[in-house]
Amino acid sequence: MSASRSDARRAERLVRVYPHAWRARYGPELAQLLMDDMAERPLSPVRTADVVGHGLWTRLAFAGLVGDAVAPERRSRAALGALAGLVAAFLVVGVALWSQLTIGWQWSAPAAPGTKAGMIVMSGALLGFGLIAALAAGPIAWALLGALRRNADAIWRPLVLSFAGAVLLLLGSRHFGAGWPGTGGHAWAGRNLVPGSVARLGWAATLWITSYWAHPGALRSFPAGEIAWMAVSPFALLAVMGGGLRTLRRLELSERTQRWETCLALVAAGVMAAFVAGAGSWVLSGGPGPKNLFRVGAIDMLALALLTVALVAASHSLRRAVGGSSRRRAA
Amino acid sequence: MTSSSPQRRDQDPAELSALGRYAGPATLILSSLAEGDKHGYGLTKDIEGFAGIRLAPGTMYEALSRLERQGLIEALESHDRRRPYRLTALGATALRAHLADQRRVAEVGLRRLESGEGTA
């Protein structure tokens, strides 16, 4: 059976859907099987869908979200990694939602009690996330230092990627935050729920999460630099999250650290639930509000749906993390 | 020879049916390997020949990796990328038990059809 060079390239591309650890063991064999199959049946959408579907499923399994592909002793650790990713994604969408609302509050406090309560709960939840991150960072930083001393080669690439993404995101957000439509910083306003500098940074970092993409005419009226930032900033965020998660997965965490991080994850899930409840309260009670500042749009409904999905998936990961941890202790 | 996870070695061989949606592909793969060692494409062609089912590559490797993890098959050394697999003793026991169950079910169904029970 002779495989053409293009078949080999197609096969290698398809195999890349699978996670790295799986590919290290089965990748060459699967690529060979695909090439043999392609020699017999050059085009097969069913084959492509089958490989992509199983590859994505295996990624979820290796992330500790489904199945039993990960050995029981590593399952809790994998689930914690997945949970960290879900919390990060939750925060991106959550901050986008919240920062739009804080703009409104800078101008005028919401009239509806449900909106007011919802925004206070959401702001408190974000503060909670900050505290959890601070408490989680210490042991992780310690493990990171240890890993850098032992085998820096395995860590430095994702670490640099994450750091570079964070620097780009911070600098860009500071720069484009100057165009923030809130009035924070004006002493006379006196209605601001959170410091304007914080709201401004959150707004600029998540500027790309907007319904303006569906309205190209309105988008064209934006300054070119701002549109470029909206296109680039998601990649900076991906670098922060992707690099951070890869670094986290490569760290050896002690049993004690894993228990501590699992406890914090339990609290984080509660904070996520509080944030979703706050956002839900705004969506249910929010009409246009004063000067149309708290209007609920289709994108806000979508954001709330995404937050709920992330919360459910995080709860699932947490159950696996806690289950794995309990099994290890029992063993 | 590649070894599979040791913690899976002592499980009940009758667990083949517990593979859920992979029980079908697993039965076909183990039945094919019962004849002799085969690599991925060899399995595909053999299964297509005796069962009339062509296992897609993703499904094939999902099942192979699970079976290897359970210790029901083992990977052999290979000089190229077509790595052959072999049925283990545990795999043979699991397959025998599973097929005996299937045969019992098939016999009951056939007997009832022949006696005309439940037909309109």
# chains A, B, ... in the order shown; residues from 1 in each chain; ligands from 1
call {"tool": "interface_residues", "arguments": {"of": "chain A", "to": "chain B", "cutoff": "9 Å", "atoms": "only C-alpha atoms", "output": "PyMOL selection string"}}
result
chain A and resi 26+28-34+36-37+46-55+58+69+71
call {"tool": "write_last_selection", "arguments": {"atoms": "C-alpha atoms", "output": "short mmCIF file (atom, residue, chain, number, x, y, z; two decimals), in the first residue's frame"}}
result
data_model
loop_
_atom_site.label_atom_id
_atom_site.label_comp_id
_atom_site.auth_asym_id
_atom_site.auth_seq_id
_atom_site.Cartn_x
_atom_site.Cartn_y
_atom_site.Cartn_z
CA TYR A 26 -0.59 5.82 19.57
CA PRO A 28 2.29 7.04 14.61
CA GLU A 29 0.11 3.91 14.50
CA LEU A 30 -3.10 5.87 14.00
CA ALA A 31 -1.45 8.02 11.31
CA GLN A 32 -0.35 4.84 9.52
CA LEU A 33 -3.85 3.35 9.74
CA LEU A 34 -5.29 6.59 8.36
CA ASP A 36 -3.71 2.91 4.68
CA ASP A 37 -7.38 3.80 4.83
CA VAL A 46 -17.28 9.92 8.09
CA ARG A 47 -13.65 8.92 8.76
CA THR A 48 -12.69 12.56 9.39
CA ALA A 49 -15.66 13.09 11.73
CA ASP A 50 -14.85 9.84 13.55
CA VAL A 51 -11.21 10.80 14.18
CA VAL A 52 -12.01 14.41 15.13
CA GLY A 53 -14.82 13.28 17.46
CA HIS A 54 -12.67 10.66 19.20
CA GLY A 55 -9.72 13.05 19.36
CA THR A 58 -9.80 11.93 24.31
CA ALA A 69 -8.35 7.45 30.30
CA ALA A 71 -5.08 6.66 35.76
#
call {"tool": "residues_around", "arguments": {"residues": "Ser4 in chain A", "least_positions_apart": "4", "cutoff": "10 Å", "atoms": "only C-alpha atoms", "output": "VMD selection string"}}
result
chain A and resid 8 to 10 35 38 to 39
call {"tool": "atom_distance", "arguments": {"atom1": "CA of Met301 in chain A", "atom2": "CA of Ala166 in chain A"}}
result
28.4 Å
call {"tool": "atom_distance", "arguments": {"atom1": "CA of Met230 in chain A", "atom2": "CA of Thr210 in chain A"}}
result
9.4 Å
call {"tool": "closest_residue", "arguments": {"among": "B:Gly24, B:Gly49, B:Gly36, B:Gly91", "to": "Ala63 in chain B", "atoms": "only C-alpha atoms"}}
result
B:Gly24
call {"tool": "residues_around", "arguments": {"residues": "Gly165 in chain A", "least_positions_apart": "4", "cutoff": "12 Å", "atoms": "only C-alpha atoms", "output": "list in words"}}
result
Pro158, Leu159, Val160, Leu161, Leu169, Leu170, Leu171, Gly172, Ser173, Ala205, Val232, Ser233, Pro234, Phe235, Ala236, Leu237, Leu238, Ala239, Val240, Met241, Gly242, Gly243 and Gly244 of chain A
call {"tool": "residues_around", "arguments": {"residues": "Leu30 in chain B", "least_positions_apart": "4", "cutoff": "10 Å", "atoms": "only C-alpha atoms", "output": "PyMOL selection string"}}
result
chain B and resi 25-26+34-36+43+64+67+72-73+85-88+91-92+94-96
call {"tool": "write_last_selection", "arguments": {"atoms": "C-alpha atoms", "output": "PDB file, in the first residue's frame"}}
result
ATOM      1  CA  PRO B  25     -15.826  -2.768  18.635  1.00  0.00           C
ATOM      2  CA  ALA B  26     -14.023  -4.551  21.487  1.00  0.00           C
ATOM      3  CA  ALA B  34      -8.259 -14.687  18.456  1.00  0.00           C
ATOM      4  CA  GLU B  35      -7.054 -15.820  15.035  1.00  0.00           C
ATOM      5  CA  GLY B  36      -3.595 -14.232  15.399  1.00  0.00           C
ATOM      6  CA  LEU B  43      -7.828  -5.672  11.989  1.00  0.00           C
ATOM      7  CA  LEU B  64      -7.472  -0.619  21.168  1.00  0.00           C
ATOM      8  CA  LEU B  67      -8.370  -2.913  25.662  1.00  0.00           C
ATOM      9  CA  LEU B  72      -7.037  -7.692  27.373  1.00  0.00           C
ATOM     10  CA  ILE B  73      -4.585  -7.145  24.504  1.00  0.00           C
ATOM     11  CA  TYR B  85      -1.489  -6.431  18.811  1.00  0.00           C
ATOM     12  CA  ARG B  86      -1.914  -9.782  20.534  1.00  0.00           C
ATOM     13  CA  LEU B  87      -4.765 -11.218  22.571  1.00  0.00           C
ATOM     14  CA  THR B  88      -3.697 -11.868  26.177  1.00  0.00           C
ATOM     15  CA  GLY B  91      -8.495 -11.141  26.893  1.00  0.00           C
ATOM     16  CA  ALA B  92      -9.215 -14.667  25.705  1.00  0.00           C
ATOM     17  CA  ALA B  94     -13.078 -12.206  28.687  1.00  0.00           C
ATOM     18  CA  LEU B  95     -13.948 -12.868  25.043  1.00  0.00           C
ATOM     19  CA  ARG B  96     -14.985 -16.454  25.753  1.00  0.00           C
TER      20      ARG B  96
END
call {"tool": "closest_residue", "arguments": {"among": "A:Arg77, A:Arg23, A:Arg16, A:Arg41", "to": "Trp260 in chain A", "atoms": "only C-alpha atoms"}}
result
A:Arg77
call {"tool": "residues_around", "arguments": {"residues": "Phe129 in chain A", "least_positions_apart": "2", "cutoff": "9 Å", "atoms": "only C-alpha atoms", "output": "list of chain:residue names"}}
result
A:Leu91, A:Gly124, A:Ala125, A:Leu126, A:Leu127, A:Leu131, A:Ile132, A:Ala133, A:Ala134, A:Ala268, A:Val271, A:Met272
call {"tool": "write_last_selection", "arguments": {"atoms": "N, CA and C atoms", "output": "PDB file, in the first residue's frame"}}
result
ATOM      1  N   LEU A  91     -14.203  33.505  34.116  1.00  0.00           N
ATOM      2  CA  LEU A  91     -13.814  34.866  34.492  1.00  0.00           C
ATOM      3  C   LEU A  91     -13.785  35.794  33.280  1.00  0.00           C
ATOM      4  N   GLY A 124     -18.767  41.413  44.385  1.00  0.00           N
ATOM      5  CA  GLY A 124     -18.235  40.677  45.537  1.00  0.00           C
ATOM      6  C   GLY A 124     -17.618  39.352  45.100  1.00  0.00           C
ATOM      7  N   ALA A 125     -18.276  38.706  44.137  1.00  0.00           N
ATOM      8  CA  ALA A 125     -17.765  37.418  43.646  1.00  0.00           C
ATOM      9  C   ALA A 125     -16.404  37.610  42.976  1.00  0.00           C
ATOM     10  N   LEU A 126     -16.265  38.683  42.221  1.00  0.00           N
ATOM     11  CA  LEU A 126     -14.969  38.921  41.559  1.00  0.00           C
ATOM     12  C   LEU A 126     -13.880  39.180  42.593  1.00  0.00           C
ATOM     13  N   LEU A 127     -14.263  39.890  43.658  1.00  0.00           N
ATOM     14  CA  LEU A 127     -13.305  40.106  44.751  1.00  0.00           C
ATOM     15  C   LEU A 127     -12.928  38.756  45.362  1.00  0.00           C
ATOM     16  N   LEU A 131      -9.264  36.868  45.881  1.00  0.00           N
ATOM     17  CA  LEU A 131      -8.733  36.307  47.141  1.00  0.00           C
ATOM     18  C   LEU A 131      -8.338  34.839  46.951  1.00  0.00           C
ATOM     19  N   ILE A 132      -9.200  34.095  46.259  1.00  0.00           N
ATOM     20  CA  ILE A 132      -8.908  32.669  46.018  1.00  0.00           C
ATOM     21  C   ILE A 132      -7.619  32.531  45.211  1.00  0.00           C
ATOM     22  N   ALA A 133      -7.488  33.393  44.181  1.00  0.00           N
ATOM     23  CA  ALA A 133      -6.276  33.339  43.344  1.00  0.00           C
ATOM     24  C   ALA A 133      -5.038  33.610  44.190  1.00  0.00           C
ATOM     25  N   ALA A 134      -5.160  34.585  45.099  1.00  0.00           N
ATOM     26  CA  ALA A 134      -4.011  34.928  45.951  1.00  0.00           C
ATOM     27  C   ALA A 134      -3.652  33.744  46.858  1.00  0.00           C
ATOM     28  N   ALA A 268     -14.245  28.212  45.118  1.00  0.00           N
ATOM     29  CA  ALA A 268     -14.368  28.892  43.823  1.00  0.00           C
ATOM     30  C   ALA A 268     -15.676  28.513  43.131  1.00  0.00           C
ATOM     31  N   VAL A 271     -18.334  30.523  44.618  1.00  0.00           N
ATOM     32  CA  VAL A 271     -18.257  31.911  44.153  1.00  0.00           C
ATOM     33  C   VAL A 271     -18.795  32.018  42.718  1.00  0.00           C
ATOM     34  N   MET A 272     -18.493  30.997  41.907  1.00  0.00           N
ATOM     35  CA  MET A 272     -19.033  30.975  40.533  1.00  0.00           C
ATOM     36  C   MET A 272     -20.558  30.966  40.582  1.00  0.00           C
TER      37      MET A 272
END
call {"tool": "atom_distance", "arguments": {"atom1": "CA of Glu40 in chain A", "atom2": "CA of Asp37 in chain B"}}
result
22.1 Å
call {"tool": "decode", "arguments": {"residues": "range 80-186 of chain A", "atoms": "C-alpha atoms", "output": "PDB file, in the first residue's frame"}}
result
ATOM      1  CA  LEU A  80      -8.055  20.301  39.050  1.00  0.00           C
ATOM      2  CA  GLY A  81      -6.305  21.457  35.860  1.00  0.00           C
ATOM      3  CA  ALA A  82      -9.603  21.322  33.947  1.00  0.00           C
ATOM      4  CA  LEU A  83     -11.276  23.219  36.743  1.00  0.00           C
ATOM      5  CA  ALA A  84      -8.634  25.961  36.595  1.00  0.00           C
ATOM      6  CA  GLY A  85      -9.266  26.296  32.848  1.00  0.00           C
ATOM      7  CA  LEU A  86     -13.023  26.484  33.361  1.00  0.00           C
ATOM      8  CA  VAL A  87     -12.680  29.126  36.084  1.00  0.00           C
ATOM      9  CA  ALA A  88     -10.418  31.164  33.779  1.00  0.00           C
ATOM     10  CA  ALA A  89     -12.935  30.952  30.909  1.00  0.00           C
ATOM     11  CA  PHE A  90     -15.733  31.802  33.343  1.00  0.00           C
ATOM     12  CA  LEU A  91     -13.814  34.866  34.492  1.00  0.00           C
ATOM     13  CA  VAL A  92     -13.234  36.117  30.945  1.00  0.00           C
ATOM     14  CA  VAL A  93     -16.961  36.006  30.115  1.00  0.00           C
ATOM     15  CA  GLY A  94     -17.954  37.166  33.595  1.00  0.00           C
ATOM     16  CA  VAL A  95     -15.636  40.169  33.577  1.00  0.00           C
ATOM     17  CA  ALA A  96     -16.912  41.158  30.119  1.00  0.00           C
ATOM     18  CA  LEU A  97     -20.483  41.121  31.418  1.00  0.00           C
ATOM     19  CA  TRP A  98     -19.687  42.855  34.681  1.00  0.00           C
ATOM     20  CA  SER A  99     -17.478  45.560  33.182  1.00  0.00           C
ATOM     21  CA  GLN A 100     -20.282  46.616  30.820  1.00  0.00           C
ATOM     22  CA  LEU A 101     -22.599  46.991  33.795  1.00  0.00           C
ATOM     23  CA  THR A 102     -20.083  48.961  35.821  1.00  0.00           C
ATOM     24  CA  ILE A 103     -19.976  51.534  33.021  1.00  0.00           C
ATOM     25  CA  GLY A 104     -23.691  52.057  33.546  1.00  0.00           C
ATOM     26  CA  TRP A 105     -23.282  52.426  37.304  1.00  0.00           C
ATOM     27  CA  GLN A 106     -20.565  55.041  36.824  1.00  0.00           C
ATOM     28  CA  TRP A 107     -23.229  57.196  35.228  1.00  0.00           C
ATOM     29  CA  SER A 108     -26.250  56.307  37.298  1.00  0.00           C
ATOM     30  CA  ALA A 109     -27.155  53.729  39.950  1.00  0.00           C
ATOM     31  CA  PRO A 110     -29.597  51.099  38.669  1.00  0.00           C
ATOM     32  CA  ALA A 111     -33.228  51.681  39.643  1.00  0.00           C
ATOM     33  CA  ALA A 112     -34.275  48.031  39.862  1.00  0.00           C
ATOM     34  CA  PRO A 113     -33.332  46.449  43.239  1.00  0.00           C
ATOM     35  CA  GLY A 114     -32.628  43.133  41.475  1.00  0.00           C
ATOM     36  CA  THR A 115     -30.083  44.777  39.186  1.00  0.00           C
ATOM     37  CA  LYS A 116     -28.453  46.603  42.088  1.00  0.00           C
ATOM     38  CA  ALA A 117     -28.254  43.448  44.206  1.00  0.00           C
ATOM     39  CA  GLY A 118     -27.027  41.431  41.243  1.00  0.00           C
ATOM     40  CA  MET A 119     -24.218  43.839  40.506  1.00  0.00           C
ATOM     41  CA  ILE A 120     -23.122  43.973  44.145  1.00  0.00           C
ATOM     42  CA  VAL A 121     -23.079  40.162  44.274  1.00  0.00           C
ATOM     43  CA  MET A 122     -21.112  39.977  40.996  1.00  0.00           C
ATOM     44  CA  SER A 123     -18.580  42.546  42.243  1.00  0.00           C
ATOM     45  CA  GLY A 124     -18.235  40.677  45.537  1.00  0.00           C
ATOM     46  CA  ALA A 125     -17.765  37.418  43.646  1.00  0.00           C
ATOM     47  CA  LEU A 126     -14.969  38.921  41.559  1.00  0.00           C
ATOM     48  CA  LEU A 127     -13.305  40.106  44.751  1.00  0.00           C
ATOM     49  CA  GLY A 128     -13.714  36.542  46.022  1.00  0.00           C
ATOM     50  CA  PHE A 129     -11.995  35.186  42.918  1.00  0.00           C
ATOM     51  CA  GLY A 130      -9.109  37.590  43.565  1.00  0.00           C
ATOM     52  CA  LEU A 131      -8.733  36.307  47.141  1.00  0.00           C
ATOM     53  CA  ILE A 132      -8.908  32.669  46.018  1.00  0.00           C
ATOM     54  CA  ALA A 133      -6.276  33.339  43.344  1.00  0.00           C
ATOM     55  CA  ALA A 134      -4.011  34.928  45.951  1.00  0.00           C
ATOM     56  CA  LEU A 135      -4.440  31.941  48.307  1.00  0.00           C
ATOM     57  CA  ALA A 136      -3.894  29.435  45.489  1.00  0.00           C
ATOM     58  CA  ALA A 137      -0.840  31.216  44.086  1.00  0.00           C
ATOM     59  CA  GLY A 138       1.534  30.635  47.022  1.00  0.00           C
ATOM     60  CA  PRO A 139       1.862  26.815  46.883  1.00  0.00           C
ATOM     61  CA  ILE A 140       1.785  26.905  43.067  1.00  0.00           C
ATOM     62  CA  ALA A 141       4.606  29.457  42.983  1.00  0.00           C
ATOM     63  CA  TRP A 142       6.581  27.262  45.390  1.00  0.00           C
ATOM     64  CA  ALA A 143       6.058  24.188  43.170  1.00  0.00           C
ATOM     65  CA  LEU A 144       7.015  26.290  40.153  1.00  0.00           C
ATOM     66  CA  LEU A 145      10.271  27.377  41.748  1.00  0.00           C
ATOM     67  CA  GLY A 146      11.053  23.758  42.562  1.00  0.00           C
ATOM     68  CA  ALA A 147      10.275  22.701  38.984  1.00  0.00           C
ATOM     69  CA  LEU A 148      12.475  25.468  37.576  1.00  0.00           C
ATOM     70  CA  ARG A 149      15.359  24.317  39.775  1.00  0.00           C
ATOM     71  CA  ARG A 150      14.920  20.644  38.827  1.00  0.00           C
ATOM     72  CA  ASN A 151      13.997  20.733  35.142  1.00  0.00           C
ATOM     73  CA  ALA A 152      13.471  24.205  33.718  1.00  0.00           C
ATOM     74  CA  ASP A 153      13.326  22.842  30.148  1.00  0.00           C
ATOM     75  CA  ALA A 154       9.890  21.339  30.708  1.00  0.00           C
ATOM     76  CA  ILE A 155       8.441  24.515  32.151  1.00  0.00           C
ATOM     77  CA  TRP A 156       9.970  27.593  30.617  1.00  0.00           C
ATOM     78  CA  ARG A 157       8.170  27.596  27.240  1.00  0.00           C
ATOM     79  CA  PRO A 158       4.578  27.667  28.568  1.00  0.00           C
ATOM     80  CA  LEU A 159       5.692  29.962  31.361  1.00  0.00           C
ATOM     81  CA  VAL A 160       7.178  32.498  28.932  1.00  0.00           C
ATOM     82  CA  LEU A 161       4.087  32.216  26.715  1.00  0.00           C
ATOM     83  CA  SER A 162       1.821  32.931  29.658  1.00  0.00           C
ATOM     84  CA  PHE A 163       4.000  35.790  30.890  1.00  0.00           C
ATOM     85  CA  ALA A 164       4.237  37.392  27.428  1.00  0.00           C
ATOM     86  CA  GLY A 165       0.463  37.137  27.013  1.00  0.00           C
ATOM     87  CA  ALA A 166      -0.088  38.706  30.441  1.00  0.00           C
ATOM     88  CA  VAL A 167       2.280  41.611  29.699  1.00  0.00           C
ATOM     89  CA  LEU A 168       0.611  42.260  26.332  1.00  0.00           C
ATOM     90  CA  LEU A 169      -2.833  42.078  27.883  1.00  0.00           C
ATOM     91  CA  LEU A 170      -1.930  44.409  30.737  1.00  0.00           C
ATOM     92  CA  LEU A 171      -0.191  47.004  28.567  1.00  0.00           C
ATOM     93  CA  GLY A 172      -2.902  46.891  25.907  1.00  0.00           C
ATOM     94  CA  SER A 173      -5.685  47.103  28.476  1.00  0.00           C
ATOM     95  CA  ARG A 174      -4.031  50.080  30.165  1.00  0.00           C
ATOM     96  CA  HIS A 175      -3.615  51.815  26.833  1.00  0.00           C
ATOM     97  CA  PHE A 176      -7.068  51.131  25.406  1.00  0.00           C
ATOM     98  CA  GLY A 177      -8.694  51.626  28.794  1.00  0.00           C
ATOM     99  CA  ALA A 178      -8.170  55.351  28.141  1.00  0.00           C
ATOM    100  CA  GLY A 179     -11.183  55.147  25.831  1.00  0.00           C
ATOM    101  CA  TRP A 180     -13.383  53.791  28.639  1.00  0.00           C
ATOM    102  CA  PRO A 181     -16.904  55.182  28.403  1.00  0.00           C
ATOM    103  CA  GLY A 182     -17.436  55.300  32.191  1.00  0.00           C
ATOM    104  CA  THR A 183     -17.096  58.436  34.270  1.00  0.00           C
ATOM    105  CA  GLY A 184     -15.082  56.926  37.121  1.00  0.00           C
ATOM    106  CA  GLY A 185     -12.427  59.346  38.212  1.00  0.00           C
ATOM    107  CA  HIS A 186     -14.887  62.228  38.173  1.00  0.00           C
TER     108      HIS A 186
END
